[in-house]
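Before any comments, here is the structure.
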Amino acid sequence: SILQQTEKIRGNIAEIGVYKGGSAKIICEMTKKNVHLFDTFEGLPKPSQGDYPNKFIRGDYKSSYEDVRNYLRKYKNATIYKGVFPSSSVSIKNKKFSLIHLDVDLYESTKKSLEFLYPRMNKGGVIISHDYESLMGVRKAVDEFFVNKPEIIMGPFVGSTQCFIIKI
């Protein structure tokens, strides 16, 4: 898995868009690294012009901070942050990362996450963007962000809507 490939890269792991904690649990099971988990726990922010009209509304995919905290309670390497990212990221501003999992569904959220996290990625680290193939806003944000960067956007692969980028 990509997670196993990045275990030898220095740095923490972050997931932006935790929802109910399903992928966070898989990540925590597979690593001893510190895992930083970010979600509004109030659902999606308001979609922008970069997103499908009427595809999402503010508050879609709302989940419970307490439920996710309980679901992940046995993982001492996991820290959960509540709030809109990157405003909720103050405590990680000086950290470096080996793996980022973005599952934020919207153009502005994807763009702001990449702007904050990309400079904090270690060489060889991987950014996975969920819904790259299926959501116009996500694809637009990723494509725009990497247009003048040396990295190549890989994927989506058969049976997947994700892309990934390896930091050069």
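By order of appearance in the structure tokens: chains A, B, ..., then residues from 1 within every chain, and ligands from 1 in the order shown.
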Distance query A:Ala78 at most 7 Å, only C-alpha atoms, self and fewer than 4 positions along chain excluded, as a PyMOL selection string: chain A and resi 28+34-36
Saved selection, atoms kept: N, CA and C atoms, as a CSV table (one decimal), in the first residue's frame:
```
chain,number,residue,atom,x,y,z
A,28,CYS,N,-4.3,4.4,11.1
A,28,CYS,CA,-3.8,4.2,12.4
A,28,CYS,C,-3.4,2.8,12.7
A,34,ASN,N,2.7,9.6,14.1
A,34,ASN,CA,1.7,10.5,14.6
A,34,ASN,C,0.7,10.8,13.4
A,35,VAL,N,-0.6,10.6,13.7
A,35,VAL,CA,-1.6,10.8,12.7
A,35,VAL,C,-2.5,12.0,13.1
A,36,HIS,N,-2.5,13.0,12.3
A,36,HIS,CA,-3.3,14.2,12.6
A,36,HIS,C,-4.6,14.2,11.8
```
In chain A, DSSP strand (DSSP E) residues written as a PyMOL selection string: chain A and resi 12-16+35-39+78-82+97-102+121-129+163-166
Residue neighbourhood A:Ser129, 9 Å, only C-alpha atoms, exclusion window fewer than 5 positions, as a list in words: Ile100, His101, Leu102, Asp103, Val104, Thr110, Val138, Arg139, Val142, Thr161, Gln162, Cys163, Phe164 and Ile165 of chain A
A:Tyr19 surroundings by only C-alpha atoms, 10 Å radius, close-in-sequence under 4 positions cut, as number ranges by chain: A: 23-24, 37-44, 61-65, 68, 103-104
Residues near A:Phe145, cut-off 10 Å, only C-alpha atoms, skip fewer than 4 positions along chain, as an NGL selection string: :A and (110-112 or 114-115 or 118 or 139-141 or 149)
Residue nearest A:Ile16 - candidates A:Met154, A:Met121, A:Leu99, A:Ile166, atoms counted: only C-alpha atoms: A:Leu99
Using only C-alpha atoms: which of A:Gly17, A:Pro53, A:Gly159, A:Gly137 has the shortest distance to A:Phe85: A:Gly17
Interatomic distance (Å, one decimal) between atom CA of A:Glu15 and atom CA of A:Ile152: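 So the two atoms, atom CA of A:Glu15 and atom CA of A:Ile152, lie 20.9 Å apart.
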Spatial neighbours of A:Leu135, max dist 9 Å, only C-alpha atoms, sep filter under 5 positions, as a PDB file with C-alpha atoms, in the first residue's frame:
```pdb
ATOM      1  CA  ASP A  51     -17.952  22.993  -7.480  1.00  0.00           C
ATOM      2  CA  TYR A  52     -20.858  21.234  -9.179  1.00  0.00           C
ATOM      3  CA  ASP A 105     -15.071  17.112  -1.604  1.00  0.00           C
ATOM      4  CA  LEU A 106     -14.917  20.822  -2.441  1.00  0.00           C
ATOM      5  CA  TYR A 107     -12.739  23.125  -4.564  1.00  0.00           C
ATOM      6  CA  LYS A 140      -9.889  21.646 -10.685  1.00  0.00           C
ATOM      7  CA  THR A 161     -11.494   8.008  -8.240  1.00  0.00           C
TER       8      THR A 161
END
```
d(atom CA of A:Thr79, atom CA of A:Asn94) in Å: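 So the two atoms, atom CA of A:Thr79 and atom CA of A:Asn94, lie 15.7 Å apart.
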Shortest interatomic distance to A:Leu3 - which of A:Ile153, A:Ile168, A:Ile127, A:Val18, counting only C-alpha atoms: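 The shortest atom-to-atom distance to A:Leu3 comes from A:Ile127.
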Nearest candidate to A:Lys55 (options A:Ile92, A:Ile128, A:Val158, A:Met136; using only C-alpha atoms):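 Checking each candidate against A:Lys55, we get A:Met136 as the closest.
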Computed interatomic separation between atom CA of A:Pro150 and atom CA of A:Ser89 (Å):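 If I compute the distance from atom CA of A:Pro150 to atom CA of A:Ser89, I get 25.8 Å.
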